[in-house]
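Participant: The structure that follows is given in the form of C-alpha cells.
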Amino acid sequence: MGFAHNNVLHQNHFRKDWQLRVRTWFDQPGRKLRRRQARKTKAATLGVRPLTLLRPAVRGQTVRYNRKVREGRGFTLAELKEAGIGRKEARGVGIVVDHRRRNLSEEGKAVNVERLKAYKTQLIVFPRNAKKPKKGDSTGDDLTATTTRINIPIADPYVHEAPRKITGEEREFQAYRTLRNERATARHEGARKVREAKKAEEEANKKK
C-alpha cells in the first residue's frame, strides 16, 4: 500500500504471538457427554413426570392468525376454579397459571376446562412418604397404573357439519345490520336511562 502527500505513516504491528491467544474447542465431545450424563442423572432424580408443563389452548392474535389454535402462556383463574383446581395446587402438579389472562368466550373457556379435567384423570401424584400420603396424593391402584410422559394434545377446534340446505330465515337474516344495531343500543344505553328517568320525574311532578 503506497502513501501520498503529507499523510501519517501506518504503524501496523504484526509481530504479536497470536497463536498463544487462540481459543480452542478440543473439549467439545467431552462436554457433550458430560451434559448428557447430567441430564440422565437429573431425570432419574426427578422421577416420572411430564416432559413439558400443561398449557391452555388459545387463539392466535390479530385477524390474520385468530383461526389458528396454539398453546398459550397459562390457564386463567376462572378455568382453574371451574375445573376444581387451586392456583397453588396447579403449580405443584405441572399446570401453568397466568393470572393476567381473561376469558373472552364461553367456548374457549369450556375447551380449557375440559383440557384440565382430562389432565386430572391421567394425573398420578406419588407421595413423598408412601406410609403417610398427604391430601391430593394418589393411593392404591393408581400408584401401580401405567404412566406416560406425553402431554395432552390440543383438540381440533373445528366442528365439521354435514352439508345441508340454507333455510329462508337464514337468507333473510342481516348479520351486519344486527351487529350495528346491538352496538348502537349498547352505546346509547346510558343516555336512554337518563332520559327515561327524567321523563318519569316530570310525570310525577305533573301529577302532584
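Numbering starts fresh at 1 for the residues of each chain in the C-alpha cells, the chains themselves are lettered A, B, ... in the order given, and ligands are numbered from 1 as they appear.
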Among region 10-188 of chain A, which ones does DSSP place in strand (DSSP E), written as a list in words?

Facilitator: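 Matching residues for strand (DSSP E) in region 10-188 of chain A are Ala57, Val58, Arg59, Val69, Arg70 and Glu71 of chain A.
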
Participant: Would you output that residue set with N, CA, C and O atoms, as a PDB file, in the first residue's frame?

Facilitator:
```
ATOM      1  N   ALA A  57     -55.191 -23.993  25.496  1.00  0.00           N
ATOM      2  CA  ALA A  57     -55.371 -23.801  24.057  1.00  0.00           C
ATOM      3  C   ALA A  57     -55.945 -22.412  23.831  1.00  0.00           C
ATOM      4  O   ALA A  57     -57.008 -22.086  24.360  1.00  0.00           O
ATOM      5  N   VAL A  58     -55.229 -21.572  23.098  1.00  0.00           N
ATOM      6  CA  VAL A  58     -55.658 -20.194  22.856  1.00  0.00           C
ATOM      7  C   VAL A  58     -55.629 -19.897  21.365  1.00  0.00           C
ATOM      8  O   VAL A  58     -54.991 -20.597  20.585  1.00  0.00           O
ATOM      9  N   ARG A  59     -56.336 -18.836  20.992  1.00  0.00           N
ATOM     10  CA  ARG A  59     -56.352 -18.374  19.598  1.00  0.00           C
ATOM     11  C   ARG A  59     -55.184 -17.438  19.346  1.00  0.00           C
ATOM     12  O   ARG A  59     -54.753 -16.708  20.236  1.00  0.00           O
ATOM     13  N   VAL A  69     -55.211 -22.305  16.431  1.00  0.00           N
ATOM     14  CA  VAL A  69     -55.205 -22.582  17.870  1.00  0.00           C
ATOM     15  C   VAL A  69     -53.822 -23.077  18.255  1.00  0.00           C
ATOM     16  O   VAL A  69     -53.264 -23.955  17.589  1.00  0.00           O
ATOM     17  N   ARG A  70     -53.259 -22.502  19.308  1.00  0.00           N
ATOM     18  CA  ARG A  70     -51.914 -22.857  19.768  1.00  0.00           C
ATOM     19  C   ARG A  70     -51.900 -22.930  21.289  1.00  0.00           C
ATOM     20  O   ARG A  70     -52.898 -22.625  21.943  1.00  0.00           O
ATOM     21  N   GLU A  71     -50.766 -23.331  21.849  1.00  0.00           N
ATOM     22  CA  GLU A  71     -50.621 -23.368  23.300  1.00  0.00           C
ATOM     23  C   GLU A  71     -50.363 -21.956  23.820  1.00  0.00           C
ATOM     24  O   GLU A  71     -49.519 -21.242  23.281  1.00  0.00           O
TER      25      GLU A  71
END
```

Participant: Set the distance at 9 Å and use only C-alpha atoms: which residues neighbour His99 (chain A) once local chain neighbours fewer than 6 positions away are removed? I'd like the list as a list of chain:residue names.

Facilitator: A:Gly74, A:Phe75, A:Thr76, A:Leu77

Participant: Neighbours of Arg55 (chain A) within 10 Å (only C-alpha atoms; same-chain residues fewer than 5 positions away dropped), as an mmCIF file with all heavy atoms, in the first residue's frame?

Facilitator:
```cif
data_model
loop_
_atom_site.group_PDB
_atom_site.id
_atom_site.type_symbol
_atom_site.label_atom_id
_atom_site.label_comp_id
_atom_site.auth_asym_id
_atom_site.auth_seq_id
_atom_site.Cartn_x
_atom_site.Cartn_y
_atom_site.Cartn_z
ATOM 1 N N ARG A 70 -53.259 -22.502 19.308
ATOM 2 C CA ARG A 70 -51.914 -22.857 19.768
ATOM 3 C C ARG A 70 -51.900 -22.930 21.289
ATOM 4 O O ARG A 70 -52.898 -22.625 21.943
ATOM 5 C CB ARG A 70 -50.905 -21.813 19.287
ATOM 6 C CG ARG A 70 -51.202 -20.412 19.813
ATOM 7 C CD ARG A 70 -50.097 -19.445 19.462
ATOM 8 N NE ARG A 70 -50.397 -18.096 19.906
ATOM 9 C CZ ARG A 70 -50.222 -17.649 21.144
ATOM 10 N NH1 ARG A 70 -49.770 -18.448 22.084
ATOM 11 N NH2 ARG A 70 -50.508 -16.404 21.463
ATOM 12 N N GLU A 71 -50.766 -23.331 21.849
ATOM 13 C CA GLU A 71 -50.621 -23.368 23.300
ATOM 14 C C GLU A 71 -50.363 -21.956 23.820
ATOM 15 O O GLU A 71 -49.519 -21.242 23.281
ATOM 16 C CB GLU A 71 -49.467 -24.290 23.700
ATOM 17 C CG GLU A 71 -49.819 -25.759 23.634
ATOM 18 C CD GLU A 71 -48.780 -26.620 24.327
ATOM 19 O OE1 GLU A 71 -47.679 -26.106 24.606
ATOM 20 O OE2 GLU A 71 -49.059 -27.793 24.593
ATOM 21 N N GLY A 72 -51.081 -21.576 24.862
ATOM 22 C CA GLY A 72 -50.921 -20.248 25.448
ATOM 23 C C GLY A 72 -49.914 -20.244 26.584
ATOM 24 O O GLY A 72 -49.198 -21.211 26.820
ATOM 25 N N ARG A 73 -49.885 -19.139 27.328
ATOM 26 C CA ARG A 73 -48.921 -18.994 28.433
ATOM 27 C C ARG A 73 -49.376 -19.775 29.653
ATOM 28 O O ARG A 73 -48.609 -20.534 30.233
ATOM 29 C CB ARG A 73 -48.756 -17.514 28.783
ATOM 30 C CG ARG A 73 -47.738 -17.270 29.876
ATOM 31 C CD ARG A 73 -47.630 -15.794 30.195
ATOM 32 N NE ARG A 73 -46.641 -15.566 31.231
ATOM 33 C CZ ARG A 73 -45.342 -15.411 31.032
ATOM 34 N NH1 ARG A 73 -44.866 -15.482 29.814
ATOM 35 N NH2 ARG A 73 -44.515 -15.199 32.034
ATOM 36 N N GLY A 74 -50.626 -19.583 30.077
ATOM 37 C CA GLY A 74 -51.101 -20.265 31.278
ATOM 38 C C GLY A 74 -52.611 -20.205 31.382
ATOM 39 O O GLY A 74 -53.274 -19.419 30.696
ATOM 40 N N PHE A 75 -53.179 -21.033 32.268
ATOM 41 C CA PHE A 75 -54.622 -21.092 32.469
ATOM 42 C C PHE A 75 -55.090 -19.922 33.333
ATOM 43 O O PHE A 75 -54.359 -19.455 34.216
ATOM 44 C CB PHE A 75 -55.003 -22.412 33.146
ATOM 45 C CG PHE A 75 -54.845 -23.616 32.258
ATOM 46 C CD1 PHE A 75 -53.663 -24.326 32.239
ATOM 47 C CD2 PHE A 75 -55.877 -24.031 31.437
ATOM 48 C CE1 PHE A 75 -53.510 -25.438 31.426
ATOM 49 C CE2 PHE A 75 -55.738 -25.133 30.617
ATOM 50 C CZ PHE A 75 -54.542 -25.833 30.612
ATOM 51 N N GLY A 94 -47.695 -29.335 37.726
ATOM 52 C CA GLY A 94 -47.269 -29.119 36.340
ATOM 53 C C GLY A 94 -48.240 -28.347 35.473
ATOM 54 O O GLY A 94 -48.216 -28.479 34.251
ATOM 55 N N ILE A 95 -49.122 -27.525 36.087
ATOM 56 C CA ILE A 95 -50.069 -26.705 35.324
ATOM 57 C C ILE A 95 -49.639 -25.251 35.440
ATOM 58 O O ILE A 95 -49.443 -24.739 36.541
ATOM 59 C CB ILE A 95 -51.510 -26.877 35.850
ATOM 60 C CG1 ILE A 95 -51.938 -28.340 35.745
ATOM 61 C CG2 ILE A 95 -52.477 -25.976 35.094
ATOM 62 C CD1 ILE A 95 -53.258 -28.641 36.415
ATOM 63 N N VAL A 96 -49.486 -24.581 34.314
ATOM 64 C CA VAL A 96 -49.048 -23.179 34.311
ATOM 65 C C VAL A 96 -50.254 -22.273 34.536
ATOM 66 O O VAL A 96 -51.309 -22.468 33.925
ATOM 67 C CB VAL A 96 -48.354 -22.818 32.982
ATOM 68 C CG1 VAL A 96 -47.745 -21.430 33.061
ATOM 69 C CG2 VAL A 96 -47.281 -23.832 32.662
ATOM 70 N N VAL A 97 -50.082 -21.272 35.407
ATOM 71 C CA VAL A 97 -51.159 -20.327 35.738
ATOM 72 C C VAL A 97 -50.773 -18.940 35.238
ATOM 73 O O VAL A 97 -49.638 -18.495 35.437
ATOM 74 C CB VAL A 97 -51.409 -20.286 37.258
ATOM 75 C CG1 VAL A 97 -52.560 -19.345 37.588
ATOM 76 C CG2 VAL A 97 -51.698 -21.681 37.791
ATOM 77 N N ASP A 98 -51.709 -18.266 34.583
ATOM 78 C CA ASP A 98 -51.498 -16.885 34.119
ATOM 79 C C ASP A 98 -52.623 -16.028 34.689
ATOM 80 O O ASP A 98 -53.747 -16.053 34.183
ATOM 81 C CB ASP A 98 -51.487 -16.832 32.582
ATOM 82 C CG ASP A 98 -51.145 -15.440 32.058
ATOM 83 O OD1 ASP A 98 -50.774 -14.577 32.885
ATOM 84 O OD2 ASP A 98 -51.249 -15.213 30.852
ATOM 85 N N ASN A 112 -60.675 -25.277 27.593
ATOM 86 C CA ASN A 112 -59.577 -25.375 28.548
ATOM 87 C C ASN A 112 -59.988 -26.077 29.836
ATOM 88 O O ASN A 112 -59.161 -26.750 30.470
ATOM 89 C CB ASN A 112 -59.026 -23.979 28.857
ATOM 90 C CG ASN A 112 -58.205 -23.430 27.713
ATOM 91 O OD1 ASN A 112 -57.476 -24.160 27.061
ATOM 92 N ND2 ASN A 112 -58.338 -22.149 27.444
ATOM 93 N N ARG A 115 -59.753 -29.617 29.063
ATOM 94 C CA ARG A 115 -58.326 -29.957 28.996
ATOM 95 C C ARG A 115 -57.775 -30.222 30.405
ATOM 96 O O ARG A 115 -57.014 -31.171 30.614
ATOM 97 C CB ARG A 115 -57.591 -28.798 28.324
ATOM 98 C CG ARG A 115 -56.160 -29.069 27.937
ATOM 99 C CD ARG A 115 -55.691 -27.945 27.017
ATOM 100 N NE ARG A 115 -54.250 -27.929 26.873
ATOM 101 C CZ ARG A 115 -53.566 -28.747 26.085
ATOM 102 N NH1 ARG A 115 -54.194 -29.647 25.376
ATOM 103 N NH2 ARG A 115 -52.259 -28.666 25.994
ATOM 104 N N LEU A 116 -58.178 -29.396 31.358
ATOM 105 C CA LEU A 116 -57.735 -29.574 32.743
ATOM 106 C C LEU A 116 -58.309 -30.850 33.353
ATOM 107 O O LEU A 116 -57.611 -31.588 34.064
ATOM 108 C CB LEU A 116 -58.150 -28.356 33.580
ATOM 109 C CG LEU A 116 -57.347 -27.071 33.368
ATOM 110 C CD1 LEU A 116 -58.032 -25.899 34.033
ATOM 111 C CD2 LEU A 116 -55.936 -27.229 33.913
ATOM 112 N N ASN A 151 -47.615 -35.192 26.721
ATOM 113 C CA ASN A 151 -48.580 -34.154 27.094
ATOM 114 C C ASN A 151 -49.891 -34.331 26.330
ATOM 115 O O ASN A 151 -49.943 -35.010 25.302
ATOM 116 C CB ASN A 151 -48.002 -32.769 26.795
ATOM 117 C CG ASN A 151 -48.613 -31.697 27.672
ATOM 118 O OD1 ASN A 151 -49.665 -31.911 28.278
ATOM 119 N ND2 ASN A 151 -47.962 -30.560 27.764
ATOM 120 N N ILE A 152 -50.958 -33.699 26.846
ATOM 121 C CA ILE A 152 -52.274 -33.803 26.200
ATOM 122 C C ILE A 152 -52.276 -32.921 24.950
ATOM 123 O O ILE A 152 -52.023 -31.713 25.044
ATOM 124 C CB ILE A 152 -53.386 -33.373 27.168
ATOM 125 C CG1 ILE A 152 -53.399 -34.301 28.385
ATOM 126 C CG2 ILE A 152 -54.735 -33.366 26.487
ATOM 127 C CD1 ILE A 152 -54.353 -33.881 29.464
ATOM 128 N N ILE A 154 -53.596 -30.639 21.728
ATOM 129 C CA ILE A 154 -54.688 -29.671 21.563
ATOM 130 C C ILE A 154 -55.710 -30.249 20.597
ATOM 131 O O ILE A 154 -55.364 -30.687 19.500
ATOM 132 C CB ILE A 154 -54.148 -28.323 21.039
ATOM 133 C CG1 ILE A 154 -53.228 -27.695 22.094
ATOM 134 C CG2 ILE A 154 -55.273 -27.366 20.705
ATOM 135 C CD1 ILE A 154 -52.559 -26.427 21.636
#
```

Participant: Between A:Pro50, A:Pro127, A:Pro29, A:Pro157, which is the closest to Leu143 (chain A) once you count only C-alpha atoms?

Facilitator: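 Using only C-alpha atoms, Leu143 (chain A) sits closest to A:Pro127.
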
Participant: Extract the full set of helix (DSSP H, G or I) residues from region 16-89 of chain A according to DSSP on the backbone, and format it as a ChimeraX atom specification.

Facilitator: /A:18-21,28-46,62-65,77-83,87-89
